Amino acid sequence: MTSAVDDVDPRMPVGESAPEDGPPRVGSCPLSARDLTVSFGPVIALDGFSVDIPRGIVGLLGPNGAGKSTFIKASLGLLTPENGAVFVGGLDTRTQSLQIRDGVGYMPEHDCLVASMNAVELVSYFGMISGMLARDSIQRGHEVLDFVGIGEERYRQIRSYSTGMKQKVKLAQAIVHDPPLLFLDEPTSGMDPKGREEMLELVRMIGSSDKTVLLSSHILQEVESVCDHVVIISDGKLVQEGETKALIAGEEGVQSLTIRGDEGGMTRFVRILGEACEIVEAKEEGGKQMSLLIRGCGDGSQIFGLARDSGVQIRRYHPERLDLEEVYLRSFRGGGKDGS
Amino acid sequence: MGVDPIRYRPWKGERTALNLRVYVILKSIFRHGLKSIGVKILLILSFLFVYAFGFMDVILFGSETLDAEKMSSNFNAFNLTLFAMLLAAVITSDLISEDLSSRSFVLYFSRAIKTRDYLVGKAGGAILIMSLLCFLPPVLLAVVSILTQSGSDYWSSIKVLGSTMVAGALAAVFFVPYGLMLSSITNRRSYAAVGTFMSFMVLTIISEMFVEIDPAWSVIGPARSLSAAVDWIFGLPSDIDGGALFAFLALFIIVPAVVLYWRVQRKAVGR
Ligand SMILES: Nc1ncnc2c1ncn2[C@@H]1O[C@H](COP(=O)(O)OP(=O)(O)OP(=O)(O)O)[C@@H](O)[C@H]1O
Ligand SMILES: [Mg+2]
């Protein structure tokens, strides 16, 4: 894979969204992976993973061991892929990782703070290692610590901090140099519900200032509440991706229908319904009730007619709307909502 | 302690060039080292036990020119080695082990820092502190001696000053790679510190024991080999074979440096 984008400034990932037709060009997204394969000995952590991460807050969702952290590390150029490539702002991680790293911030999932330093020292020190001048980095260090909500405790050694405070300092060191692209690996891990909400609010605020944030998590509600876009990964493979709104909205034209009646009536109804339109999915719920996903059944008057004829009751009938949990579960059942 | 209602503010300042970042690490280590009480005490004690006599001699009695033999003995190689071993153990022990135990490695290497920069920064900071013991005082001593000399042969004095600088630099560098290597092998500071000091101690003891049987053994004793190296730099005769000495010094600096690089490189990639 070649890219003719050597003069792209890594601090300015070109972010126009992919053209409508055809696959997006490499370099048109802040971050894209092509056929990425990374393994640790016999364990294949990423298996031909391809994705284009658009601007905004993007959730990287997947169960434990799915390969989320591996993808982030590969994007930073910390792991060398066996195959494939990752491009950050058009730069290739295999050859331009130093340039790339100057324009990204990384909050690792595990503990990584130097316990003997205090928060101001740590954040400004790593600011300087990112190339800030001493004066700038101290001032900016205080600013980001204010932002994440670390108060006077910033002068205490980090070893005395609670998990929640450590998470905030980890975030602070990732944003001190104001990178346009931010990797947050499970930023809320170990935090209580209030701390989580605060952390997510911080992510929202960062995201609203025109940055790309890749947030890895296995908590669906979190991703649903802050992310504009979701990438679902499992066993090192891309399972599904799309705008959160679109994923949750379900597929256009698909209606969700719940009926109630005796067994014979319901069987009859499903049979004639299947002749009139397409049944995407049918699920029995305890013998007396069924829920269906259907497509192409017009405005619904026909369905009510059929129901009357078969002696079943319509309990619910509305356009399909899922929560992310449903999207997630469906993507693991193998059949996404498009039935493939 | 809720989230402050302040918004995220972008920052649009200048960044320094990539190759300047190593000085950030170096400076931080130097500053941090000088803040430590233990390092201060060691520096003061070492000055008293290693160089005080030489300074007194120059100031009280002066000399005609700075001569090699005198300057070489001013290094006081045995005392110097003892203090240098201690100081190296104290300052190098946490330089890498702390990053390993806290896993802050990843905070460095997710930034635009190469393994080489990281190591040059860490080793440079340590060598700078070691110079306060091994380089600065002898050079100062030589300069004072030249300024107060009664004779007029400045050229030969300056040559000795040059040798002093080389010998001081060698002593400042000598103990650092080994200490850093041990620091990169364990993630407990105390193991690295004790390990560094004890390794030098054991080598000293072995060489002292066997040197009675065969003088060639003296080469593995840090004090004896450093002393011989200093003599060699000053162009004085020495009872240690030059080739063996050179091999030992190279072994003591190069092998640890290679192991160190390999360890850090392995840790820096996320495997
Ligand atoms: N350093 C390593 N050595 C060996 N195997 C590894 C290493 N790092 C990751 N793996 C393996 O690679 C796979 C993917 O791991 P990864 O950490 O990317 O998962 P994840 O999606 O981040 O999971 P989690 O939600 O638990 O953080 C796992 O099977 C893991 O065991
Ligand atoms: Mg992970």
# chains A, B, ... in the order shown; residues from 1 in each chain; ligands from 1

$ interface_residues --of "chain A" --to "chain B" --cutoff "6 Å" --atoms "only C-alpha atoms" --output "ChimeraX atom specification"
/A:78-79,98,101-102,112-114,129,131-132,149,178,206

$ write_last_selection --atoms "N, CA, C and O atoms" --output "compact mmCIF listing (two decimals), in the first residue's frame"
# COMPACT_ATOMS: atom_id res chain seq x y z
N LEU A 78 3.58 1.21 18.22
CA LEU A 78 4.28 0.48 19.29
C LEU A 78 4.38 -1.00 18.96
O LEU A 78 5.22 -1.70 19.51
N LEU A 79 3.50 -1.47 18.10
CA LEU A 79 3.56 -2.87 17.67
C LEU A 79 3.75 -2.88 16.16
O LEU A 79 3.16 -2.07 15.46
N LEU A 98 7.29 8.39 14.57
CA LEU A 98 7.65 9.54 15.43
C LEU A 98 6.79 10.76 15.10
O LEU A 98 6.28 11.43 15.99
N ARG A 101 3.33 10.16 16.46
CA ARG A 101 3.19 10.27 17.91
C ARG A 101 3.22 11.70 18.40
O ARG A 101 2.72 12.00 19.47
N ASP A 102 3.80 12.58 17.60
CA ASP A 102 3.80 13.97 18.02
C ASP A 102 2.40 14.58 17.95
O ASP A 102 2.16 15.58 18.60
N CYS A 112 0.05 3.80 34.82
CA CYS A 112 1.28 4.15 34.12
C CYS A 112 1.91 5.40 34.70
O CYS A 112 2.82 5.97 34.12
N LEU A 113 1.42 5.84 35.84
CA LEU A 113 1.92 7.10 36.39
C LEU A 113 3.10 6.84 37.32
O LEU A 113 3.13 5.83 38.02
N VAL A 114 4.04 7.76 37.32
CA VAL A 114 5.20 7.62 38.19
C VAL A 114 4.78 8.03 39.60
O VAL A 114 4.46 9.19 39.84
N ILE A 129 8.35 16.48 27.15
CA ILE A 129 8.84 15.40 26.29
C ILE A 129 8.08 15.42 24.96
O ILE A 129 8.58 14.99 23.93
N GLY A 131 7.59 18.08 23.56
CA GLY A 131 8.16 19.21 22.83
C GLY A 131 7.72 20.58 23.30
O GLY A 131 8.00 21.58 22.65
N MET A 132 7.00 20.65 24.43
CA MET A 132 6.61 21.97 24.90
C MET A 132 7.77 22.59 25.68
O MET A 132 8.56 21.89 26.29
N GLY A 149 -10.28 18.44 36.72
CA GLY A 149 -10.84 18.51 38.07
C GLY A 149 -9.94 17.95 39.16
O GLY A 149 -10.41 17.35 40.11
N ASP A 178 -2.23 19.12 23.57
CA ASP A 178 -3.37 19.42 22.70
C ASP A 178 -3.31 18.69 21.37
O ASP A 178 -3.34 19.32 20.30
N ILE A 206 -13.94 17.46 25.24
CA ILE A 206 -12.76 17.40 24.36
C ILE A 206 -13.23 17.19 22.92
O ILE A 206 -12.79 17.85 22.00

$ residues_near_ligand --ligand "ligand 1" --cutoff "9 Å" --atoms "only C-alpha atoms and all ligand atoms" --output "number ranges by chain"
A: 38-46, 60-73, 109, 185-186, 216-218, 233-236; B: 270-271

$ write_last_selection --atoms "C-alpha atoms" --output "PDB file, in the first residue's frame"
ATOM      1  CA  VAL A  38      -0.935  -8.490  14.711  1.00  0.00           C
ATOM      2  CA  SER A  39      -0.143 -11.606  16.674  1.00  0.00           C
ATOM      3  CA  PHE A  40       1.577 -12.470  19.911  1.00  0.00           C
ATOM      4  CA  GLY A  41       3.131 -15.855  19.386  1.00  0.00           C
ATOM      5  CA  PRO A  42       0.224 -18.169  18.660  1.00  0.00           C
ATOM      6  CA  VAL A  43      -2.443 -15.611  19.651  1.00  0.00           C
ATOM      7  CA  ILE A  44      -3.783 -13.615  16.730  1.00  0.00           C
ATOM      8  CA  ALA A  45      -4.879 -10.359  18.341  1.00  0.00           C
ATOM      9  CA  LEU A  46      -5.882  -8.603  15.133  1.00  0.00           C
ATOM     10  CA  LEU A  60     -14.143   1.049  19.920  1.00  0.00           C
ATOM     11  CA  LEU A  61     -16.343  -1.597  21.366  1.00  0.00           C
ATOM     12  CA  GLY A  62     -15.645  -5.248  21.978  1.00  0.00           C
ATOM     13  CA  PRO A  63     -15.422  -7.937  24.619  1.00  0.00           C
ATOM     14  CA  ASN A  64     -12.271  -8.651  26.626  1.00  0.00           C
ATOM     15  CA  GLY A  65      -9.447  -9.808  24.421  1.00  0.00           C
ATOM     16  CA  ALA A  66     -11.122  -8.524  21.263  1.00  0.00           C
ATOM     17  CA  GLY A  67      -8.024  -6.619  20.207  1.00  0.00           C
ATOM     18  CA  LYS A  68      -8.998  -3.067  21.161  1.00  0.00           C
ATOM     19  CA  SER A  69      -5.802  -2.210  23.002  1.00  0.00           C
ATOM     20  CA  THR A  70      -3.758  -3.973  20.354  1.00  0.00           C
ATOM     21  CA  PHE A  71      -5.325  -1.789  17.671  1.00  0.00           C
ATOM     22  CA  ILE A  72      -4.498   1.342  19.656  1.00  0.00           C
ATOM     23  CA  LYS A  73      -0.909   0.244  20.201  1.00  0.00           C
ATOM     24  CA  GLU A 109      -5.699   1.241  30.104  1.00  0.00           C
ATOM     25  CA  ASP A 185      -8.166   3.024  26.363  1.00  0.00           C
ATOM     26  CA  GLU A 186     -10.985   2.270  28.800  1.00  0.00           C
ATOM     27  CA  SER A 216     -12.199   1.897  23.760  1.00  0.00           C
ATOM     28  CA  SER A 217     -14.686   0.349  26.120  1.00  0.00           C
ATOM     29  CA  HIS A 218     -16.751  -2.704  26.749  1.00  0.00           C
ATOM     30  CA  ILE A 233     -14.564  -5.543  17.096  1.00  0.00           C
ATOM     31  CA  SER A 234     -14.403  -9.148  18.156  1.00  0.00           C
ATOM     32  CA  ASP A 235     -11.677 -11.766  17.871  1.00  0.00           C
ATOM     33  CA  GLY A 236      -9.511  -9.261  16.089  1.00  0.00           C
TER      34      GLY A 236
ATOM     35  CA  GLY B 270       4.258  -3.286  23.530  1.00  0.00           C
ATOM     36  CA  ARG B 271       5.008  -6.991  23.538  1.00  0.00           C
TER      37      ARG B 271
END

$ closest_residue --among "A:Pro108, A:Gly311, A:Pro54, A:Pro193" --to "ligand 2" --atoms "only C-alpha atoms and all ligand atoms"
A:Pro108

$ select_by_dssp --residues "region 19-162 of chain B" --states "alpha helix (DSSP H)" --output "compact mmCIF listing (two decimals) with C-alpha atoms, in the first residue's frame"
# COMPACT_ATOMS: atom_id res chain seq x y z
CA ARG B 21 13.61 16.23 23.72
CA VAL B 22 16.41 14.08 25.08
CA TYR B 23 17.65 17.10 27.07
CA VAL B 24 14.34 17.17 28.92
CA ILE B 25 15.05 13.72 30.33
CA LEU B 26 18.68 14.54 31.00
CA LYS B 27 17.89 17.78 32.81
CA SER B 28 15.16 16.23 34.88
CA ILE B 29 17.47 13.47 36.10
CA PHE B 30 20.27 15.88 36.90
CA ARG B 31 17.96 18.18 38.86
CA HIS B 32 16.24 15.35 40.64
CA GLY B 33 19.58 13.80 41.56
CA LEU B 34 20.91 17.02 42.99
CA LYS B 35 17.81 17.41 45.15
CA ILE B 37 20.12 14.37 50.27
CA GLY B 38 22.00 11.10 49.78
CA VAL B 39 23.64 12.34 46.61
CA LYS B 40 24.64 15.61 48.26
CA ILE B 41 26.20 13.82 51.22
CA LEU B 42 28.07 11.42 48.95
CA LEU B 43 29.42 14.29 46.87
CA ILE B 44 30.66 16.16 49.94
CA LEU B 45 32.22 13.07 51.51
CA SER B 46 33.84 12.04 48.28
CA ALA B 52 40.82 17.50 49.60
CA PHE B 53 44.44 16.52 50.05
CA GLY B 54 45.31 17.40 46.45
CA PHE B 55 43.72 20.84 46.78
CA MET B 56 45.51 21.52 50.05
CA ASP B 57 48.79 20.53 48.50
CA VAL B 58 48.37 22.85 45.53
CA ILE B 59 47.10 25.78 47.55
CA LEU B 60 49.65 25.51 50.36
CA PHE B 61 52.75 24.47 48.49
CA ALA B 68 51.37 13.94 35.16
CA GLU B 69 52.52 11.78 38.00
CA LYS B 70 51.15 14.10 40.63
CA MET B 71 47.85 14.62 38.84
CA SER B 72 47.41 10.90 38.35
CA SER B 73 47.91 10.35 42.07
CA ASN B 74 45.50 13.20 42.79
CA ALA B 77 41.82 5.96 42.29
CA PHE B 78 40.98 3.64 45.17
CA ASN B 79 38.92 6.15 47.12
CA LEU B 80 37.45 7.54 43.94
CA THR B 81 36.33 4.08 42.85
CA LEU B 82 34.67 3.41 46.18
CA PHE B 83 32.66 6.62 46.08
CA ALA B 84 31.92 6.31 42.40
CA MET B 85 30.56 2.80 42.98
CA LEU B 86 28.30 4.09 45.71
CA LEU B 87 27.14 7.14 43.82
CA ALA B 88 26.50 5.15 40.64
CA ALA B 89 24.47 2.62 42.61
CA VAL B 90 22.38 5.39 44.18
CA ILE B 91 21.67 7.40 41.06
CA THR B 92 21.29 4.76 38.37
CA SER B 93 19.21 2.29 40.35
CA ASP B 94 15.83 3.95 39.90
CA LEU B 95 16.34 5.48 36.49
CA ILE B 96 14.84 2.58 34.58
CA SER B 97 13.46 0.32 37.29
CA GLU B 98 10.96 2.99 38.29
CA ASP B 99 9.66 3.32 34.74
CA LEU B 100 9.37 -0.45 34.60
CA SER B 101 7.49 -0.85 37.87
CA SER B 102 5.16 2.08 37.22
CA PHE B 105 7.60 3.44 29.79
CA VAL B 106 4.56 3.69 27.64
CA LEU B 107 4.13 7.39 28.40
CA TYR B 108 7.57 8.00 26.95
CA PHE B 109 7.24 5.75 23.96
CA THR B 115 14.76 4.10 22.49
CA ARG B 116 18.09 5.71 21.81
CA ASP B 117 16.90 9.16 22.94
CA TYR B 118 15.44 7.71 26.08
CA LEU B 119 18.68 5.95 26.96
CA VAL B 120 20.90 8.86 26.03
CA GLY B 121 18.76 11.08 28.24
CA LYS B 122 18.85 8.69 31.17
CA ALA B 123 22.54 7.84 30.88
CA GLY B 124 23.46 11.46 30.17
CA GLY B 125 21.74 12.64 33.34
CA ALA B 126 23.55 10.01 35.38
CA ILE B 127 26.92 10.76 33.77
CA LEU B 128 26.42 14.44 34.47
CA ILE B 129 25.96 13.73 38.18
CA MET B 130 28.91 11.34 38.14
CA SER B 131 30.98 14.17 36.62
CA LEU B 132 30.48 16.18 39.78
CA LEU B 133 32.47 13.48 41.49
CA CYS B 134 34.84 12.24 38.81
CA LEU B 136 34.73 18.51 37.81
CA PRO B 137 36.96 18.35 40.93
CA PRO B 138 40.11 16.99 39.23
CA VAL B 139 39.74 19.43 36.36
CA LEU B 140 39.28 22.25 38.85
CA LEU B 141 42.32 21.02 40.71
CA ALA B 142 44.36 21.01 37.53
CA VAL B 143 43.20 24.50 36.60
CA VAL B 144 44.00 25.87 40.06
CA SER B 145 47.40 24.26 39.86
CA ILE B 146 48.12 25.84 36.47
CA LEU B 147 46.96 29.25 37.65
CA TYR B 154 52.42 26.11 30.44
CA TRP B 155 52.36 23.86 27.40
CA SER B 156 53.20 20.70 29.33
CA SER B 157 50.75 21.71 32.08
CA ILE B 158 47.97 22.12 29.54
CA LYS B 159 48.69 18.69 28.14
CA VAL B 160 48.28 17.27 31.63
CA LEU B 161 45.02 19.22 31.95
CA GLY B 162 43.84 17.51 28.76

$ select_by_dssp --residues "region 98-161 of chain A" --states "strand (DSSP E)" --output "ChimeraX atom specification"
/A:104-107

$ write_last_selection --atoms "all heavy atoms" --output "tab-separated table (two decimals), in the first residue's frame"
chain	number	residue	atom	x	y	z
A	104	VAL	N	-0.53	12.80	18.56
A	104	VAL	CA	-1.57	12.04	19.23
A	104	VAL	C	-1.36	12.07	20.75
A	104	VAL	O	-0.27	12.34	21.22
A	104	VAL	CB	-1.63	10.56	18.77
A	104	VAL	CG1	-1.82	10.48	17.27
A	104	VAL	CG2	-0.38	9.82	19.18
A	105	GLY	N	-2.44	11.81	21.44
A	105	GLY	CA	-2.36	11.66	22.89
A	105	GLY	C	-2.85	10.26	23.23
A	105	GLY	O	-3.71	9.72	22.55
A	106	TYR	N	-2.25	9.64	24.24
A	106	TYR	CA	-2.60	8.25	24.56
A	106	TYR	C	-2.82	8.10	26.05
A	106	TYR	O	-1.97	8.46	26.85
A	106	TYR	CB	-1.47	7.34	24.07
A	106	TYR	CG	-1.56	5.89	24.47
A	106	TYR	CD1	-2.76	5.18	24.36
A	106	TYR	CD2	-0.44	5.21	24.94
A	106	TYR	CE1	-2.82	3.84	24.72
A	106	TYR	CE2	-0.49	3.88	25.29
A	106	TYR	CZ	-1.68	3.19	25.18
A	106	TYR	OH	-1.73	1.88	25.52
A	107	MET	N	-3.96	7.58	26.39
A	107	MET	CA	-4.24	7.27	27.78
A	107	MET	C	-4.31	5.75	27.88
A	107	MET	O	-5.27	5.15	27.42
A	107	MET	CB	-5.59	7.89	28.18
A	107	MET	CG	-6.07	7.50	29.54
A	107	MET	SD	-7.59	8.37	29.94
A	107	MET	CE	-7.99	7.60	31.49

$ closest_residue --among "A:Arg55, A:His110, A:Arg330, A:Arg34" --to "Ile232 (chain A)" --atoms "only C-alpha atoms"
A:Arg330

$ closest_residue --among "A:Leu182, A:Leu215, A:Leu31, A:Val86" --to "ligand 2" --atoms "only C-alpha atoms and all ligand atoms"
A:Leu215

$ decode --residues "region 217-230 of chain B" --atoms "N, CA, C and O atoms" --output "compact mmCIF listing (two decimals), in the first residue's frame"
# COMPACT_ATOMS: atom_id res chain seq x y z
N TRP B 217 45.39 -10.66 37.51
CA TRP B 217 44.03 -10.58 38.06
C TRP B 217 43.61 -9.16 38.40
O TRP B 217 42.43 -8.87 38.54
N SER B 218 44.59 -8.30 38.56
CA SER B 218 44.21 -6.95 38.99
C SER B 218 43.31 -6.27 37.96
O SER B 218 42.60 -5.33 38.29
N VAL B 219 43.34 -6.77 36.74
CA VAL B 219 42.55 -6.08 35.72
C VAL B 219 41.04 -6.13 35.99
O VAL B 219 40.30 -5.24 35.62
N ILE B 220 40.58 -7.17 36.66
CA ILE B 220 39.13 -7.23 36.88
C ILE B 220 38.68 -6.43 38.10
O ILE B 220 37.50 -6.26 38.34
N GLY B 221 39.62 -5.92 38.88
CA GLY B 221 39.21 -5.07 40.00
C GLY B 221 38.96 -3.66 39.49
O GLY B 221 39.84 -3.07 38.88
N PRO B 222 37.74 -3.12 39.69
CA PRO B 222 37.44 -1.80 39.15
C PRO B 222 38.45 -0.76 39.62
O PRO B 222 38.90 0.08 38.82
N ALA B 223 38.85 -0.81 40.88
CA ALA B 223 39.76 0.22 41.38
C ALA B 223 41.12 0.10 40.71
O ALA B 223 41.68 1.09 40.22
N ARG B 224 41.62 -1.14 40.63
CA ARG B 224 42.94 -1.32 40.02
C ARG B 224 42.91 -1.00 38.54
O ARG B 224 43.83 -0.38 38.01
N SER B 225 41.86 -1.40 37.85
CA SER B 225 41.86 -1.16 36.41
C SER B 225 41.62 0.32 36.12
O SER B 225 42.21 0.87 35.18
N LEU B 226 40.78 0.97 36.93
CA LEU B 226 40.58 2.40 36.72
C LEU B 226 41.89 3.14 36.97
O LEU B 226 42.26 4.03 36.21
N SER B 227 42.56 2.73 38.03
CA SER B 227 43.83 3.37 38.35
C SER B 227 44.83 3.18 37.21
O SER B 227 45.52 4.12 36.79
N ALA B 228 44.87 1.96 36.68
CA ALA B 228 45.78 1.68 35.57
C ALA B 228 45.39 2.49 34.35
O ALA B 228 46.26 3.01 33.63
N ALA B 229 44.07 2.61 34.12
CA ALA B 229 43.62 3.37 32.95
C ALA B 229 44.02 4.83 33.10
O ALA B 229 44.45 5.47 32.13
N VAL B 230 43.88 5.36 34.31
CA VAL B 230 44.26 6.76 34.54
C VAL B 230 45.75 6.93 34.28
O VAL B 230 46.17 7.86 33.58
